[in-house]
$ cat coords39.cif   # mmCIF, C-alpha atoms
data_final
loop_
_atom_site.group_PDB
_atom_site.id
_atom_site.type_symbol
_atom_site.label_atom_id
_atom_site.label_comp_id
_atom_site.auth_asym_id
_atom_site.auth_seq_id
_atom_site.Cartn_x
_atom_site.Cartn_y
_atom_site.Cartn_z
ATOM 1 C CA MET A 242 37.203 -25.939 -55.626
ATOM 2 C CA LEU A 243 34.384 -27.858 -54.012
ATOM 3 C CA THR A 244 33.195 -31.005 -55.643
ATOM 4 C CA LEU A 245 29.533 -31.813 -56.182
ATOM 5 C CA LYS A 246 29.639 -34.163 -53.207
ATOM 6 C CA GLY A 247 31.088 -31.428 -51.022
ATOM 7 C CA LYS A 248 28.373 -28.990 -52.066
ATOM 8 C CA LEU A 249 25.706 -31.558 -51.287
ATOM 9 C CA LEU A 250 27.202 -32.194 -47.857
ATOM 10 C CA ILE A 251 27.260 -28.477 -47.097
ATOM 11 C CA GLY A 252 23.652 -28.138 -48.233
ATOM 12 C CA VAL A 253 22.529 -31.096 -46.157
ATOM 13 C CA GLY A 254 24.431 -29.728 -43.166
ATOM 14 C CA LEU A 255 22.719 -26.353 -43.462
ATOM 15 C CA VAL A 256 19.303 -27.993 -43.746
ATOM 16 C CA LEU A 257 19.984 -30.171 -40.697
ATOM 17 C CA ALA A 258 21.190 -27.140 -38.742
ATOM 18 C CA MET A 259 18.031 -25.201 -39.608
ATOM 19 C CA VAL A 260 15.752 -28.121 -38.748
ATOM 20 C CA GLY A 261 17.642 -28.717 -35.510
ATOM 21 C CA THR A 262 17.410 -25.123 -34.324
ATOM 22 C CA LEU A 263 13.710 -24.916 -35.158
ATOM 23 C CA THR A 264 13.074 -28.232 -33.410
ATOM 24 C CA ILE A 265 14.927 -27.152 -30.273
ATOM 25 C CA SER A 266 13.103 -23.822 -30.142
ATOM 26 C CA SER A 267 9.734 -25.538 -30.629
ATOM 27 C CA LEU A 268 10.447 -28.079 -27.893
ATOM 28 C CA TRP A 269 11.554 -25.300 -25.555
ATOM 29 C CA ALA A 270 8.322 -23.389 -26.160
ATOM 30 C CA ILE A 271 6.188 -26.517 -25.662
ATOM 31 C CA LEU A 272 7.953 -27.474 -22.429
ATOM 32 C CA SER A 273 7.625 -23.924 -21.111
ATOM 33 C CA TYR A 274 3.907 -23.920 -21.907
ATOM 34 C CA ARG A 275 3.532 -27.317 -20.223
ATOM 35 C CA GLU A 276 5.238 -26.002 -17.100
ATOM 36 C CA VAL A 277 2.922 -22.988 -16.949
ATOM 37 C CA VAL A 278 -0.175 -25.184 -17.366
ATOM 38 C CA HIS A 279 1.102 -27.549 -14.669
ATOM 39 C CA ASP A 280 1.607 -24.650 -12.250
ATOM 40 C CA LEU A 281 -1.875 -23.324 -12.981
ATOM 41 C CA ASP A 282 -3.431 -26.749 -12.484
ATOM 42 C CA ARG A 283 -1.546 -27.272 -9.240
ATOM 43 C CA ASN A 284 -2.448 -23.898 -7.773
ATOM 44 C CA LEU A 285 -6.094 -24.008 -8.839
ATOM 45 C CA ASN A 286 -7.068 -27.666 -8.511
ATOM 46 C CA ARG A 287 -4.558 -29.723 -6.535
ATOM 47 C CA VAL A 288 -3.895 -27.752 -3.357
ATOM 48 C CA PRO A 289 -6.306 -26.558 -0.648
ATOM 49 C CA GLN A 290 -7.707 -23.158 -1.509
ATOM 50 C CA ARG A 291 -7.953 -20.948 1.553
ATOM 51 C CA ARG A 292 -9.782 -18.350 -0.520
ATOM 52 C CA GLU A 293 -12.625 -20.778 -1.288
ATOM 53 C CA LEU A 294 -13.187 -21.463 2.409
ATOM 54 C CA ILE A 295 -13.242 -17.767 3.278
ATOM 55 C CA GLU A 296 -15.744 -17.105 0.481
ATOM 56 C CA ALA A 297 -17.924 -20.010 1.642
ATOM 57 C CA PHE A 298 -18.032 -18.647 5.194
ATOM 58 C CA ALA A 299 -18.796 -15.172 3.882
ATOM 59 C CA GLY A 300 -21.774 -16.695 2.093
ATOM 60 C CA MET A 301 -23.003 -18.162 5.380
ATOM 61 C CA LEU A 302 -23.267 -14.662 6.820
ATOM 62 C CA GLU A 303 -25.751 -13.463 4.207
ATOM 63 C CA PRO A 304 -28.832 -15.395 5.478
ATOM 64 C CA LEU A 305 -28.076 -14.206 9.007
ATOM 65 C CA ARG A 306 -27.926 -10.531 7.998
ATOM 66 C CA VAL A 307 -30.773 -10.378 5.507
ATOM 67 C CA ARG A 308 -34.063 -8.886 6.714
ATOM 68 C CA LEU A 309 -36.884 -11.405 6.680
ATOM 69 C CA PRO A 310 -40.378 -11.347 8.227
ATOM 70 C CA ASP A 311 -40.405 -12.386 11.872
ATOM 71 C CA ASP A 312 -42.915 -15.153 11.333
ATOM 72 C CA ALA A 313 -42.876 -18.869 10.595
ATOM 73 C CA ASN A 314 -42.312 -18.356 6.867
ATOM 74 C CA GLY A 315 -39.479 -15.895 7.448
ATOM 75 C CA ARG A 316 -37.751 -18.177 9.928
ATOM 76 C CA GLN A 317 -38.143 -21.131 7.576
ATOM 77 C CA GLU A 318 -36.672 -19.117 4.711
ATOM 78 C CA ARG A 319 -33.704 -18.049 6.834
ATOM 79 C CA LEU A 320 -33.055 -21.640 7.878
ATOM 80 C CA TRP A 321 -33.267 -22.856 4.284
ATOM 81 C CA GLN A 322 -30.805 -20.225 3.038
ATOM 82 C CA PHE A 323 -28.382 -20.840 5.882
ATOM 83 C CA ASN A 324 -28.554 -24.596 5.366
ATOM 84 C CA GLU A 325 -27.666 -24.144 1.681
ATOM 85 C CA ARG A 326 -24.614 -22.028 2.548
ATOM 86 C CA LEU A 327 -23.643 -24.451 5.296
ATOM 87 C CA ALA A 328 -23.703 -27.378 2.858
ATOM 88 C CA GLU A 329 -21.433 -25.419 0.496
ATOM 89 C CA ALA A 330 -18.974 -24.720 3.322
ATOM 90 C CA GLU A 331 -18.961 -28.396 4.305
ATOM 91 C CA LEU A 332 -18.265 -29.348 0.690
ATOM 92 C CA ARG A 333 -15.340 -26.916 0.427
ATOM 93 C CA THR A 334 -13.897 -28.130 3.715
ATOM 94 C CA GLY A 335 -14.123 -31.765 2.611
ATOM 95 C CA GLU A 336 -12.445 -30.957 -0.707
ATOM 96 C CA ALA A 337 -9.646 -29.133 1.109
ATOM 97 C CA LEU A 338 -9.048 -32.153 3.351
ATOM 98 C CA GLN A 339 -8.942 -34.485 0.336
ATOM 99 C CA LYS A 340 -6.481 -32.252 -1.526
ATOM 100 C CA LEU A 341 -4.337 -31.969 1.577
ATOM 101 C CA ALA A 342 -4.189 -35.765 1.914
ATOM 102 C CA LYS A 343 -2.994 -36.082 -1.707
ATOM 103 C CA LEU A 344 -0.109 -33.643 -1.348
ATOM 104 C CA PRO A 345 3.341 -35.276 -1.596
ATOM 105 C CA SER A 346 4.922 -35.988 1.766
ATOM 106 C CA GLN A 347 8.042 -33.885 2.232
ATOM 107 C CA PRO A 348 9.965 -33.328 5.493
ATOM 108 C CA ASP A 349 9.951 -29.543 5.116
ATOM 109 C CA PHE A 350 6.238 -29.659 4.341
ATOM 110 C CA ALA A 351 5.134 -31.921 7.195
ATOM 111 C CA LYS A 352 4.562 -29.289 9.898
ATOM 112 C CA THR A 353 2.623 -27.047 7.533
ATOM 113 C CA CYS A 354 0.402 -29.944 6.463
ATOM 114 C CA GLU A 355 -0.223 -30.947 10.076
ATOM 115 C CA LEU A 356 -1.200 -27.403 10.999
ATOM 116 C CA ALA A 357 -3.536 -27.114 8.017
ATOM 117 C CA GLN A 358 -5.097 -30.494 8.772
ATOM 118 C CA GLU A 359 -5.736 -29.538 12.399
ATOM 119 C CA ARG A 360 -7.397 -26.296 11.307
ATOM 120 C CA LEU A 361 -9.556 -28.044 8.739
ATOM 121 C CA TRP A 362 -10.676 -30.765 11.145
ATOM 122 C CA GLU A 363 -11.528 -28.090 13.699
ATOM 123 C CA ILE A 364 -13.557 -26.223 11.081
ATOM 124 C CA ASP A 365 -15.318 -29.418 10.033
ATOM 125 C CA ASN A 366 -16.301 -30.212 13.634
ATOM 126 C CA ARG A 367 -17.616 -26.703 14.182
ATOM 127 C CA LEU A 368 -19.664 -26.916 11.006
ATOM 128 C CA GLN A 369 -21.293 -30.064 12.350
ATOM 129 C CA GLU A 370 -22.154 -28.175 15.535
ATOM 130 C CA LEU A 371 -23.675 -25.366 13.474
ATOM 131 C CA ARG A 372 -25.792 -27.890 11.595
ATOM 132 C CA VAL A 373 -27.364 -28.907 14.897
ATOM 133 C CA GLU A 374 -27.716 -25.386 16.260
ATOM 134 C CA GLN A 375 -29.304 -23.950 13.109
ATOM 135 C CA ARG A 376 -32.545 -25.791 13.876
ATOM 136 C CA LYS A 377 -33.185 -23.320 16.681
ATOM 137 C CA LEU A 378 -33.803 -20.651 14.041
ATOM 138 C CA LEU A 379 -37.325 -22.056 13.744
ATOM 139 C CA ASP A 380 -38.038 -21.499 17.437
ATOM 140 C CA PRO A 381 -39.733 -18.089 17.883
ATOM 141 C CA GLU A 382 -38.257 -17.668 21.369
ATOM 142 C CA GLN A 383 -34.682 -18.607 20.393
ATOM 143 C CA SER A 384 -34.525 -17.370 16.803
ATOM 144 C CA ALA A 385 -32.928 -13.964 17.497
ATOM 145 C CA LYS A 386 -30.450 -15.346 20.023
ATOM 146 C CA THR A 387 -29.521 -18.217 17.707
ATOM 147 C CA LYS A 388 -28.983 -15.828 14.806
ATOM 148 C CA MET A 389 -26.503 -13.763 16.827
ATOM 149 C CA SER A 390 -24.739 -16.900 18.037
ATOM 150 C CA LEU A 391 -24.390 -18.194 14.491
ATOM 151 C CA LEU A 392 -23.048 -14.832 13.337
ATOM 152 C CA LEU A 393 -20.300 -14.899 15.939
ATOM 153 C CA GLN A 394 -19.379 -18.498 15.185
ATOM 154 C CA VAL A 395 -19.223 -17.945 11.430
ATOM 155 C CA ASN A 396 -16.969 -14.930 11.980
ATOM 156 C CA ASP A 397 -14.707 -17.151 14.067
ATOM 157 C CA LEU A 398 -14.679 -19.700 11.249
ATOM 158 C CA GLN A 399 -13.542 -17.021 8.828
ATOM 159 C CA ALA A 400 -10.694 -16.138 11.179
ATOM 160 C CA SER A 401 -9.732 -19.815 11.427
ATOM 161 C CA ALA A 402 -9.759 -20.152 7.641
ATOM 162 C CA THR A 403 -7.517 -17.105 7.323
ATOM 163 C CA ALA A 404 -4.981 -18.813 9.602
ATOM 164 C CA ILE A 405 -4.758 -21.885 7.339
ATOM 165 C CA PRO A 406 -1.401 -21.988 5.484
ATOM 166 C CA ASP A 407 -1.658 -21.082 1.826
ATOM 167 C CA PHE A 408 -0.104 -23.868 -0.251
ATOM 168 C CA GLY A 409 -0.567 -22.269 -3.652
ATOM 169 C CA THR A 410 1.239 -19.417 -5.331
ATOM 170 C CA SER A 411 -0.722 -16.196 -5.305
ATOM 171 C CA LEU A 412 -2.245 -15.177 -8.624
ATOM 172 C CA PRO A 413 0.031 -12.123 -9.152
ATOM 173 C CA GLN A 414 3.119 -14.279 -8.587
ATOM 174 C CA LEU A 415 1.766 -16.936 -10.921
ATOM 175 C CA LEU A 416 1.048 -14.378 -13.638
ATOM 176 C CA LYS A 417 4.518 -12.890 -13.207
ATOM 177 C CA SER A 418 6.125 -16.324 -13.542
ATOM 178 C CA SER A 419 4.015 -17.098 -16.618
ATOM 179 C CA SER A 420 4.983 -13.771 -18.177
ATOM 180 C CA GLN A 421 8.682 -14.450 -17.590
ATOM 181 C CA THR A 422 8.372 -17.906 -19.136
ATOM 182 C CA TYR A 423 6.564 -16.448 -22.145
ATOM 183 C CA ARG A 424 9.220 -13.773 -22.693
ATOM 184 C CA ALA A 425 12.023 -16.334 -22.412
ATOM 185 C CA SER A 426 10.300 -18.625 -24.917
ATOM 186 C CA LEU A 427 9.660 -15.731 -27.303
ATOM 187 C CA TRP A 428 13.299 -14.638 -27.071
ATOM 188 C CA TRP A 429 14.555 -18.158 -27.747
ATOM 189 C CA VAL A 430 12.247 -18.669 -30.731
ATOM 190 C CA SER A 431 13.202 -15.262 -32.151
ATOM 191 C CA VAL A 432 16.924 -15.964 -31.816
ATOM 192 C CA THR A 433 16.701 -19.417 -33.380
ATOM 193 C CA THR A 434 14.507 -18.140 -36.206
ATOM 194 C CA GLY A 435 17.026 -15.398 -36.905
ATOM 195 C CA LEU A 436 19.804 -17.985 -36.885
ATOM 196 C CA VAL A 437 17.900 -20.138 -39.368
ATOM 197 C CA VAL A 438 17.399 -17.150 -41.679
ATOM 198 C CA LEU A 439 21.107 -16.327 -41.389
ATOM 199 C CA LEU A 440 22.108 -19.898 -42.215
ATOM 200 C CA LEU A 441 19.742 -19.918 -45.170
ATOM 201 C CA PHE A 442 21.186 -16.650 -46.448
ATOM 202 C CA VAL A 443 24.752 -17.934 -46.009
ATOM 203 C CA GLY A 444 23.861 -21.150 -47.813
ATOM 204 C CA LEU A 445 22.312 -19.321 -50.753
ATOM 205 C CA PHE A 446 25.224 -16.884 -50.955
ATOM 206 C CA ALA A 447 27.784 -19.692 -50.798
ATOM 207 C CA GLY A 448 25.910 -21.632 -53.460
ATOM 208 C CA ARG A 449 25.783 -18.678 -55.828
ATOM 209 C CA HIS A 450 29.432 -17.860 -55.178
ATOM 210 C CA ALA A 451 30.488 -21.435 -55.889
ATOM 211 C CA SER A 452 28.324 -21.514 -59.014
ATOM 212 C CA SER A 453 29.818 -18.282 -60.354
ATOM 213 C CA ARG A 454 33.347 -19.534 -59.723
ATOM 214 C CA SER A 455 32.646 -22.770 -61.545
ATOM 215 C CA ARG A 456 31.356 -20.828 -64.535
ATOM 216 C CA GLU A 457 34.477 -18.665 -64.612
ATOM 217 C CA VAL A 458 36.644 -21.772 -64.607
#

$ encode --input "coords39.cif" --output "structure tokens"
Amino acid sequence: MLTLKGKLLIGVGLVLAMVGTLTISSLWAILSYREVVHDLDRNLNRVPQRRELIEAFAGMLEPLRVRLPDDANGRQERLWQFNERLAEAELRTGEALQKLAKLPSQPDFAKTCELAQERLWEIDNRLQELRVEQRKLLDPEQSAKTKMSLLLQVNDLQASATAIPDFGTSLPQLLKSSSQTYRASLWWVSVTTGLVVLLLFVGLFAGRHASSRSREV
């Protein structure tokens, strides 16, 4: 027959087991969530985004394709729109270079970083050349020729951006990884919760059984 001290020890042990399992499951879920957030932050904010560069260059094509009056006002409007898109492309290129410089240096990563840096510097230099050439859009005699030249060069920039290595995980892969982490966390929490309920049931049953036996004695 269990003494009062023994019953108390069993009760305390069951409580500690329940608290421990719930604590472990909670920590597991929190760490899994932290890992998912870290991956999202890394892929969206800390690595060069090739997609952003391609979108910026696509925006530069719009002022060159839009129909505007072939007069001084139309040429000025085209130049203004193109200059706005060009500034956005320069900003994205500068951000990509800064993110690339902050990436951790790893031997297996070195060649990829060098290739990306060469591409980005080449793009940056060509953007500076476009900034000079765009002024010819105001010249009535050179406007049409300059527009075609800029179109070809921006298309080349898009091709160069496509060739830049992609350092981030694609969104479908990231969502798949997040889904797997969520399912694993949910499974672990469900199992530990079921274990806690089982321990609680066993503790209550053992307590009632011991109480009934003591009454019989």

$ closest_residue --input "coords39.cif" --among "A:Leu379, A:Ala342, A:Leu371, A:Leu392" --to "Glu303 of chain A" --atoms "all atoms listed in the file"
A:Leu392

$ residues_around --input "coords39.cif" --residues "segment 316-321 of chain A" --least-positions-apart "5" --cutoff "10 Å" --atoms "all atoms listed in the file" --output "PyMOL selection string"
chain A and resi 303-311+326-327+375-381+384-385+388

$ residues_near_point --input "coords39.cif" --point "(-13.3, -27.8, 4.3)" --cutoff "8 Å" --atoms "all atoms listed in the file" --output "compact mmCIF listing (two decimals) with C-alpha atoms, keeping the file's coordinate frame"
# COMPACT_ATOMS: atom_id res chain seq x y z
CA LEU A 294 -13.19 -21.46 2.41
CA ALA A 330 -18.97 -24.72 3.32
CA GLU A 331 -18.96 -28.40 4.30
CA LEU A 332 -18.26 -29.35 0.69
CA ARG A 333 -15.34 -26.92 0.43
CA THR A 334 -13.90 -28.13 3.72
CA GLY A 335 -14.12 -31.76 2.61
CA GLU A 336 -12.44 -30.96 -0.71
CA ALA A 337 -9.65 -29.13 1.11
CA LEU A 338 -9.05 -32.15 3.35
CA LEU A 361 -9.56 -28.04 8.74
CA TRP A 362 -10.68 -30.76 11.14
CA ILE A 364 -13.56 -26.22 11.08
CA ASP A 365 -15.32 -29.42 10.03

$ atom_distance --input "coords39.cif" --atom1 "atom CA of Val256 of chain A" --atom2 "atom CA of Ile271 of chain A"
22.4 Å

$ closest_residue --input "coords39.cif" --among "A:Arg275, A:Lys386, A:Arg424, A:Arg360" --to "Arg291 of chain A" --atoms "all atoms listed in the file"
A:Arg360

$ atom_distance --input "coords39.cif" --atom1 "atom CA of Pro289 of chain A" --atom2 "atom CA of Asp407 of chain A"
7.6 Å
